[in-house]
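Peer 1: Pasting run.csv here (CSV, C-alpha atoms and all ligand atoms):
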```csv
chain,number,residue,atom,x,y,z
A,1,MET,CA,5.6,9.0,26.1
A,2,ARG,CA,1.9,9.5,25.4
A,3,PHE,CA,0.4,8.4,22.1
A,4,VAL,CA,-0.6,11.3,19.8
A,5,THR,CA,-3.9,11.3,18.0
A,6,LEU,CA,-4.8,11.6,14.3
A,7,LYS,CA,-6.0,15.2,15.1
A,8,ASP,CA,-2.4,16.0,16.1
A,9,LEU,CA,-1.0,14.6,12.8
A,10,LEU,CA,-3.3,14.8,9.9
A,11,PRO,CA,-4.6,18.3,9.5
A,12,GLU,CA,-1.0,19.6,9.1
A,13,ALA,CA,-0.2,16.8,6.7
A,14,LYS,CA,-3.2,17.7,4.5
A,15,LYS,CA,-2.3,21.3,4.5
A,16,SER,CA,1.3,20.7,3.6
A,17,HIS,CA,0.6,17.9,1.1
A,18,TYR,CA,2.2,14.8,2.6
A,19,ALA,CA,0.7,11.7,4.2
A,20,ILE,CA,1.4,9.8,7.4
A,21,GLY,CA,1.7,6.0,7.0
A,22,GLN,CA,-0.6,3.7,9.0
A,23,PHE,CA,1.3,0.5,9.3
A,24,ASN,CA,-0.6,-2.5,10.6
A,25,ILE,CA,0.9,-4.8,13.2
A,26,ASN,CA,0.7,-8.6,12.9
A,27,SER,CA,3.0,-9.6,15.8
A,28,PHE,CA,5.0,-7.5,18.3
A,29,GLN,CA,8.0,-7.7,16.0
A,30,TRP,CA,6.1,-5.6,13.5
A,31,ILE,CA,5.9,-2.8,16.1
A,32,GLU,CA,9.6,-2.9,16.6
A,33,ALA,CA,10.4,-2.8,12.9
A,34,ILE,CA,7.9,0.0,12.2
A,35,LEU,CA,9.2,2.1,15.1
A,36,ARG,CA,12.8,1.6,14.0
A,37,ALA,CA,11.9,2.8,10.5
A,38,ALA,CA,9.9,5.9,11.7
A,39,GLU,CA,12.7,6.9,14.1
A,40,GLN,CA,15.3,6.5,11.4
A,41,GLN,CA,13.2,8.7,9.0
A,42,LYS,CA,12.2,11.2,11.8
A,43,SER,CA,8.6,10.7,10.7
A,44,PRO,CA,5.4,10.6,12.7
A,45,VAL,CA,3.8,7.1,12.5
A,46,ILE,CA,0.5,5.4,13.0
A,47,LEU,CA,0.6,1.9,14.4
A,48,ALA,CA,-2.6,0.1,13.9
A,49,SER,CA,-4.1,-3.2,14.9
A,50,SER,CA,-7.1,-4.3,12.9
A,51,ASP,CA,-9.9,-5.5,15.1
A,52,ARG,CA,-9.7,-9.0,13.8
A,53,ILE,CA,-6.1,-9.4,15.0
A,54,VAL,CA,-6.5,-7.9,18.5
A,55,ASP,CA,-7.4,-11.2,20.3
A,56,TYR,CA,-4.7,-13.1,18.4
A,57,LEU,CA,-2.2,-10.6,19.8
A,58,GLY,CA,-3.4,-11.0,23.3
A,59,GLY,CA,-6.0,-8.1,23.6
A,60,PHE,CA,-6.1,-4.3,23.6
A,61,LYS,CA,-4.3,-3.9,27.0
A,62,LEU,CA,-1.4,-6.1,26.1
A,63,ILE,CA,-0.9,-4.3,22.7
A,64,THR,CA,-1.0,-0.9,24.4
A,65,ALA,CA,1.4,-1.9,27.2
A,66,ILE,CA,3.9,-3.5,24.9
A,67,THR,CA,3.9,-0.6,22.4
A,68,GLN,CA,4.4,1.9,25.2
A,69,LYS,CA,7.3,-0.2,26.7
A,70,MET,CA,8.9,-0.6,23.2
A,71,ILE,CA,8.8,3.2,22.7
A,72,GLU,CA,10.5,3.6,26.0
A,73,GLU,CA,13.1,0.9,25.6
A,74,MET,CA,13.9,1.9,22.0
A,75,LYS,CA,14.1,5.6,23.0
A,76,ILE,CA,11.7,6.6,20.3
A,77,THR,CA,11.3,10.3,19.9
A,78,VAL,CA,8.9,10.6,16.9
A,79,PRO,CA,5.2,11.0,17.5
A,80,VAL,CA,3.3,7.7,17.6
A,81,ALA,CA,-0.4,7.1,17.3
A,82,LEU,CA,-2.0,3.8,18.3
A,83,HIS,CA,-5.1,3.2,16.2
A,84,LEU,CA,-7.8,0.6,16.0
A,85,ASP,CA,-8.3,-0.3,12.3
A,86,HIS,CA,-11.8,-1.4,11.2
A,87,GLY,CA,-13.4,-1.5,14.7
A,88,PHE,CA,-16.3,-3.9,14.4
A,89,THR,CA,-18.7,-2.4,17.0
A,90,VAL,CA,-19.1,0.7,19.1
A,91,GLU,CA,-18.2,-1.5,22.1
A,92,ARG,CA,-14.9,-2.6,20.6
A,93,CYS,CA,-14.0,1.0,19.9
A,94,LYS,CA,-14.7,1.9,23.5
A,95,GLU,CA,-12.7,-1.0,24.7
A,96,ALA,CA,-9.7,0.1,22.7
A,97,ILE,CA,-10.0,3.7,24.0
A,98,ASP,CA,-10.3,2.4,27.6
A,99,ALA,CA,-7.1,0.3,27.1
A,100,GLY,CA,-5.2,3.5,26.0
A,101,TYR,CA,-5.5,3.6,22.2
A,102,SER,CA,-5.3,7.2,21.0
A,103,SER,CA,-7.4,6.6,18.0
A,104,VAL,CA,-10.1,4.3,16.6
A,105,MET,CA,-11.8,3.6,13.3
A,106,TYR,CA,-15.5,2.6,13.6
A,107,ASP,CA,-16.3,0.8,10.4
A,108,GLY,CA,-20.1,1.1,9.8
A,109,SER,CA,-19.7,1.2,6.0
A,110,LYS,CA,-21.9,-1.9,5.5
A,111,LEU,CA,-24.8,-0.3,7.5
A,112,PRO,CA,-27.4,2.0,6.1
A,113,LEU,CA,-26.1,5.7,6.3
A,114,GLU,CA,-28.5,6.6,9.2
A,115,GLU,CA,-27.3,3.7,11.3
A,116,ASN,CA,-23.6,4.4,10.4
A,117,ILE,CA,-24.1,8.0,11.5
A,118,ILE,CA,-25.8,7.0,14.9
A,119,LYS,CA,-23.1,4.5,15.8
A,120,THR,CA,-20.2,6.7,14.6
A,121,ARG,CA,-21.6,9.5,16.7
A,122,GLU,CA,-21.7,7.3,19.7
A,123,VAL,CA,-18.0,6.5,19.2
A,124,VAL,CA,-17.1,10.2,18.7
A,125,ASP,CA,-19.0,11.2,21.9
A,126,TYR,CA,-17.0,8.6,23.9
A,127,ALA,CA,-13.7,9.4,22.2
A,128,LYS,CA,-14.1,13.1,23.0
A,129,LYS,CA,-13.9,12.4,26.8
A,130,TYR,CA,-10.5,10.8,26.3
A,131,ASN,CA,-9.3,13.1,23.6
A,132,ALA,CA,-9.0,10.2,21.2
A,133,SER,CA,-9.5,10.6,17.4
A,134,VAL,CA,-12.1,8.8,15.3
A,135,GLU,CA,-12.1,7.6,11.6
A,136,ALA,CA,-15.2,6.3,9.8
A,137,GLU,CA,-15.9,4.9,6.4
A,138,ILE,CA,-18.3,5.4,3.5
A,139,GLY,CA,-18.4,3.0,0.5
A,140,SER,CA,-16.5,-0.3,0.4
A,141,VAL,CA,-12.8,-1.1,0.0
A,142,GLY,CA,-12.5,-4.2,-2.2
A,143,GLY,CA,-10.4,-7.3,-1.7
A,144,THR,CA,-9.6,-9.4,1.3
A,145,GLU,CA,-8.5,-8.3,4.7
A,146,ASP,CA,-8.0,-10.8,7.6
A,147,GLY,CA,-10.1,-13.3,5.8
A,148,VAL,CA,-13.0,-11.1,4.9
A,149,THR,CA,-13.7,-10.4,1.2
A,150,SER,CA,-15.7,-7.4,-0.1
A,151,GLY,CA,-16.3,-5.9,-3.5
A,152,ILE,CA,-15.4,-2.3,-4.4
A,153,LYS,CA,-18.3,0.2,-3.8
A,154,TYR,CA,-17.3,3.8,-4.6
A,155,ALA,CA,-18.3,6.3,-1.9
A,156,ASP,CA,-21.2,8.6,-2.6
A,157,PRO,CA,-19.9,12.2,-2.0
A,158,ASN,CA,-23.2,13.3,-0.4
A,159,GLU,CA,-23.1,10.4,2.0
A,160,CYS,CA,-19.5,11.4,2.9
A,161,TYR,CA,-20.6,15.0,3.6
A,162,GLN,CA,-23.6,13.9,5.7
A,163,LEU,CA,-21.4,11.5,7.8
A,164,VAL,CA,-18.7,14.1,8.5
A,165,GLU,CA,-21.2,16.9,9.3
A,166,ALA,CA,-23.4,14.8,11.5
A,167,THR,CA,-20.6,13.1,13.5
A,168,ASN,CA,-17.6,15.5,13.5
A,169,ILE,CA,-15.1,12.7,12.8
A,170,ASP,CA,-11.4,13.5,12.5
A,171,VAL,CA,-10.7,11.5,9.3
A,172,LEU,CA,-12.8,10.0,6.6
A,173,ALA,CA,-12.1,6.8,4.7
A,174,ALA,CA,-14.0,7.3,1.5
A,175,ALA,CA,-13.6,4.1,-0.5
A,176,LEU,CA,-12.8,5.2,-4.1
A,177,GLY,CA,-11.5,2.1,-5.9
A,178,SER,CA,-8.8,0.9,-3.5
A,179,VAL,CA,-8.5,-2.8,-2.5
A,180,HIS,CA,-7.1,-4.5,0.6
A,181,GLY,CA,-4.5,-7.1,-0.5
A,182,PRO,CA,-3.0,-7.5,-3.9
A,183,TYR,CA,-4.5,-5.6,-6.9
A,184,GLN,CA,-5.5,-7.4,-10.1
A,185,GLY,CA,-4.0,-5.0,-12.7
A,186,GLU,CA,-3.7,-1.2,-12.3
A,187,PRO,CA,-5.9,0.2,-9.5
A,188,GLN,CA,-9.0,2.1,-10.7
A,189,LEU,CA,-9.0,5.0,-8.3
A,190,ALA,CA,-11.6,7.7,-8.8
A,191,LEU,CA,-9.2,10.7,-8.5
A,192,ASP,CA,-11.6,13.4,-9.6
A,193,LEU,CA,-14.1,12.3,-7.0
A,194,MET,CA,-11.4,12.2,-4.4
A,195,LYS,CA,-10.4,15.8,-5.1
A,196,GLU,CA,-14.1,16.9,-5.1
A,197,ILE,CA,-14.7,15.2,-1.7
A,198,SER,CA,-11.5,16.5,-0.2
A,199,ASP,CA,-12.1,20.1,-1.3
A,200,HIS,CA,-15.6,20.0,0.0
A,201,LEU,CA,-14.5,18.7,3.4
A,202,LYS,CA,-11.8,21.3,3.7
A,203,ASP,CA,-9.9,20.5,7.0
A,204,THR,CA,-11.1,16.9,7.3
A,205,PRO,CA,-8.4,14.7,5.9
A,206,LEU,CA,-9.0,11.5,3.9
A,207,SER,CA,-7.6,8.0,4.8
A,208,LEU,CA,-6.6,5.7,2.0
A,209,HIS,CA,-7.2,2.0,2.7
A,210,GLY,CA,-5.5,-0.7,0.6
A,211,GLY,CA,-2.2,1.3,0.2
A,212,SER,CA,-0.2,-1.7,-0.8
A,213,GLY,CA,0.5,-2.3,-4.5
A,214,ILE,CA,-0.6,1.1,-5.7
A,215,PRO,CA,1.9,2.5,-8.2
A,216,GLU,CA,4.0,5.4,-6.9
A,217,HIS,CA,2.6,8.0,-9.4
A,218,GLN,CA,-1.0,7.2,-8.2
A,219,ILE,CA,0.0,7.4,-4.5
A,220,ILE,CA,1.4,10.9,-5.2
A,221,LYS,CA,-1.9,11.8,-6.9
A,222,THR,CA,-3.9,10.5,-3.9
A,223,ILE,CA,-1.9,12.8,-1.6
A,224,GLU,CA,-2.5,15.8,-3.9
A,225,CYS,CA,-6.2,14.9,-3.8
A,226,GLY,CA,-6.4,15.2,0.0
A,227,HIS,CA,-5.2,11.9,1.5
A,228,ALA,CA,-3.2,12.6,4.6
A,229,LYS,CA,-3.2,9.0,5.9
A,230,ILE,CA,-2.3,5.9,3.9
A,231,ASN,CA,-2.7,2.4,5.2
A,232,VAL,CA,-0.1,-0.3,4.4
A,233,ASN,CA,-0.3,-3.9,5.6
A,234,THR,CA,0.0,-6.4,2.7
A,235,GLU,CA,3.4,-5.2,1.4
A,236,CYS,CA,5.0,-5.5,4.8
A,237,ASN,CA,3.6,-9.0,5.2
A,238,GLN,CA,4.7,-10.0,1.7
A,239,ALA,CA,8.3,-8.8,2.3
A,240,TRP,CA,8.4,-10.6,5.7
A,241,ALA,CA,7.0,-13.9,4.2
A,242,ARG,CA,9.3,-13.8,1.2
A,243,THR,CA,12.3,-13.3,3.3
A,244,ILE,CA,11.5,-16.0,5.8
A,245,TYR,CA,10.6,-18.4,3.0
A,246,GLU,CA,13.9,-17.8,1.3
A,247,ILE,CA,16.0,-18.2,4.4
A,248,LEU,CA,14.3,-21.5,5.4
A,249,THR,CA,14.4,-22.8,1.8
A,250,ASN,CA,18.1,-22.1,1.5
A,251,ASN,CA,19.1,-23.2,5.0
A,252,GLN,CA,17.1,-26.2,5.9
A,253,ASN,CA,19.0,-26.9,9.1
A,254,LEU,CA,18.4,-23.5,10.6
A,255,TYR,CA,16.3,-23.4,13.7
A,256,SER,CA,17.5,-20.5,15.8
A,257,PRO,CA,14.6,-18.0,15.9
A,258,PRO,CA,16.7,-14.8,15.8
A,259,ASP,CA,18.5,-16.1,12.7
A,260,ILE,CA,15.2,-16.6,11.0
A,261,LEU,CA,13.0,-13.8,12.4
A,262,LYS,CA,15.5,-10.9,12.5
A,263,PRO,CA,15.8,-10.7,8.6
A,264,GLY,CA,12.0,-10.8,8.5
A,265,MET,CA,11.9,-7.7,10.7
A,266,ASP,CA,14.6,-6.0,8.6
A,267,ALA,CA,12.4,-6.6,5.5
A,268,ILE,CA,9.4,-4.9,7.1
A,269,GLU,CA,11.6,-2.0,8.2
A,270,LYS,CA,12.8,-1.5,4.6
A,271,VAL,CA,9.3,-1.4,3.2
A,272,VAL,CA,8.2,1.1,5.9
A,273,ILE,CA,11.2,3.4,5.1
A,274,GLU,CA,10.4,3.3,1.4
A,275,LYS,CA,6.7,4.2,2.1
A,276,ILE,CA,7.6,7.0,4.5
A,277,GLN,CA,9.8,8.5,1.8
A,278,LEU,CA,7.1,8.1,-0.8
A,279,PHE,CA,4.5,9.7,1.4
A,280,ASN,CA,7.0,12.5,2.1
A,281,SER,CA,6.7,12.4,5.8
A,282,SER,CA,10.4,12.1,6.5
A,283,ASN,CA,11.7,14.8,8.9
A,284,LYS,CA,8.1,15.9,9.7
A,285,ALA,CA,8.4,14.7,13.3
B,1,LIG,P1,-3.2,-3.3,2.4
B,1,LIG,O1,-3.2,-4.6,3.1
B,1,LIG,O2,-3.8,-3.5,1.0
B,1,LIG,O3,-2.0,-2.6,2.5
B,1,LIG,O4,-4.3,-2.4,3.1
B,1,LIG,C1,-4.1,-2.0,4.5
B,1,LIG,C2,-5.3,-1.4,5.0
B,1,LIG,O5,-6.0,-0.6,4.3
B,1,LIG,C3,-5.7,-1.6,6.4
B,1,LIG,O6,-6.9,-1.0,6.8
```
Would you mind writing the structure in this file as structure tokens?
Peer 2:
Amino acid sequence: MRFVTLKDLLPEAKKSHYAIGQFNINSFQWIEAILRAAEQQKSPVILASSDRIVDYLGGFKLITAITQKMIEEMKITVPVALHLDHGFTVERCKEAIDAGYSSVMYDGSKLPLEENIIKTREVVDYAKKYNASVEAEIGSVGGTEDGVTSGIKYADPNECYQLVEATNIDVLAAALGSVHGPYQGEPQLALDLMKEISDHLKDTPLSLHGGSGIPEHQIIKTIECGHAKINVNTECNQAWARTIYEILTNNQNLYSPPDILKPGMDAIEKVVIEKIQLFNSSNKA
């Protein structure tokens, strides 16, 4: 089965007011748990590796090959996109595409707008040859991801429009108050700005980073305001860690890996199912 792109998934989701979950992988067991959940829910799914975790997992080619083989072995029928999350450089995005990723995010959000545009356009030009999709970012998602901490910087709508027009990206991550990792108190999402940007961009869908820990009523609002892709990492990791911690604390003589790790996978699967239902992408495959 070929991976689908975000172009195949998100415009329809935006039009019909649901969102596709991007679930980040942290080991190959995450892939299995996420695929199981998506297949059970008959939902399209985006599997993502953040750039920082790629080498830890063995490189782009290994991730691509294992994901493809798992899809085959597990007889997965739902559409699956393989996406690079927060690509550090143009070269890393090209490497991911060369290895078979169907989608990449080039994160030039810390650069001056002109430089972000030039580099994002280079990624888009390359991706076009392989029919891969491209996401880019304006503003700054707060919090910590893979050890890197940033403050929240709300996206400037004009910069969003300039980036989309100049690069023709397929999806825009406009940082509007979300945070990677746990939130301190209720998230302060700029919903009005979200709607304004989404309406102006018409067919270009928005991508919500930091999708863990946002109350359900706010998630529903972000979808109404044009988000067709919602990224979840922390909640899966927390559920996995909590489960394994509990098992090992309560059974200190346990050492058989399947007895320890299988419940961890089940915990990830449960979170993914809940998110798919919340994002309303069940039965959209
Ligand atoms: P969380 O870890 O907060 O769920 O965010 C995931 C994310 O946005 C990945 O880019």
Peer 1: Which residues form the shell of 9 Å around ligand LIG 1 (chain B) when you count all atoms listed in the file, given as a ChimeraX atom specification?
Peer 2: /A:22-24,48-50,85-86,141,143-145,178-183,207-214,230-237
Peer 1: May I have the residues within 8 Å of A:Phe60 as a list of chain:residue names, using only C-alpha atoms and disregarding those fewer than 5 positions away in the same chain?
Peer 2: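 The filter keeps A:Val54, A:Asp55, A:Glu95, A:Ala96, A:Ala99.
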Peer 1: Kindly indicate which residue among A:Val123, A:Leu62, A:Ala136, A:Ala81 lies nearest to A:Ala175, using only C-alpha atoms for the distances.
Peer 2: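 That would be A:Ala136, the residue with the smallest distance to A:Ala175.
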Peer 1: What is the atom CA of A:Lys129 to atom CA of A:Tyr106 distance in Å?
Peer 2: 16.5 Å
Peer 1: Restricting the calculation to only C-alpha atoms, which member of A:Gln188, A:Ser140, A:Asn253, A:Asn283 is positioned closest to A:Val78?
Peer 2: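 Checking each of A:Gln188, A:Ser140, A:Asn253, A:Asn283 against A:Val78, counting only C-alpha atoms, the winner is A:Asn283.
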Peer 1: At most 12 Å from (-10.8, 19.1, -1.0), file frame, only C-alpha atoms: which residues, as a ChimeraX atom specification?
Peer 2: /A:14-15,17,157,161,191-206,222-228
Peer 1: Using all atoms listed in the file, list the residues that have an atom at most 6 Å from (0.2, -6.0, 21.3), coordinates as in the file, as a VMD selection string.
Peer 2: chain A and resid 28 57 62 to 63 66
Peer 1: Report, in Å with one decimal, the straight-line distance from atom CA of A:Leu176 to atom CA of A:Ala190.
Peer 2: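 Taking atom CA of A:Leu176 as the start and atom CA of A:Ala190 as the end point, the length is 5.5 Å.
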Peer 1: For atom CA of A:Tyr101 and atom CA of A:Val4, quote the distance in Å rounded to one decimal.
Peer 2: 9.4 Å
Peer 1: Excluding A:Arg52 and residues on its chain fewer than 6 positions from it, collect all residues at most 12 Å away from it, counting only C-alpha atoms, and give them as a list in words.
Peer 2: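 Residues near the query, excluding close chain neighbours: Asn24, Ile25, Asn26, Gly58, Gly59, Phe60, Leu84, Asp85, His86, Gly87, Phe88, Thr89, Arg92, Glu145, Asp146, Gly147 and Val148 of chain A.
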Peer 1: Quick one: everything within 8 Å of A:Glu72, counting only C-alpha atoms, minus sequence neighbours fewer than 4 positions away in the same chain. Send it as a VMD selection string.
Peer 2: chain A and resid 1 68 76
Peer 1: Write the residues you've just listed into a file as a PDB file, keeping the file's coordinate frame, and include C-alpha atoms for each of them.
Peer 2:
```
ATOM      1  CA  MET A   1       5.600   9.000  26.100  1.00  0.00           C
ATOM      2  CA  GLN A  68       4.400   1.900  25.200  1.00  0.00           C
ATOM      3  CA  ILE A  76      11.700   6.600  20.300  1.00  0.00           C
TER       4      ILE A  76
END
```
Peer 1: Taking all atoms listed in the file into account, which of A:Thr167, A:Gln277, A:Gln252, A:Ser27 comes nearest A:Ile219?
Peer 2: A:Gln277
Peer 1: Give me, as JSON, numbers by chain, all polymer residues having an atom no more than 9 Å from A:Cys160, counting only C-alpha atoms and skipping those fewer than 3 positions away in the same chain.
Peer 2: {"A": [137, 138, 139, 155, 156, 157, 163, 164, 165, 172, 173, 174, 197, 201]}
Peer 1: Using only C-alpha atoms, can you tell me which of A:Ile53, A:Glu114, A:Pro187, A:Asp259 comes closest to A:Gly142?
Peer 2: A:Pro187
Peer 1: Closest to A:Gln40 among A:Leu189, A:Ile97, A:Val104, A:Ile273, using all atoms listed in the file?
Peer 2: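 Comparing A:Leu189, A:Ile97, A:Val104, A:Ile273 against A:Gln40, the winner is A:Ile273.
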Peer 1: Pick out the closest residue to A:Asp107 from this set: A:Asp51, A:Glu12, A:Asp266, A:Glu159. Count only C-alpha atoms.
Peer 2: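 Selected residue with least distance to A:Asp107: A:Asp51.
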Peer 1: List as a ChimeraX atom specification the protein and nucleic acid residues near A:Lys75, meaning an atom at most 10 Å away when only C-alpha atoms are counted, but skip any in the same chain fewer than 6 places from it.
Peer 2: /A:1,35-36,39,69
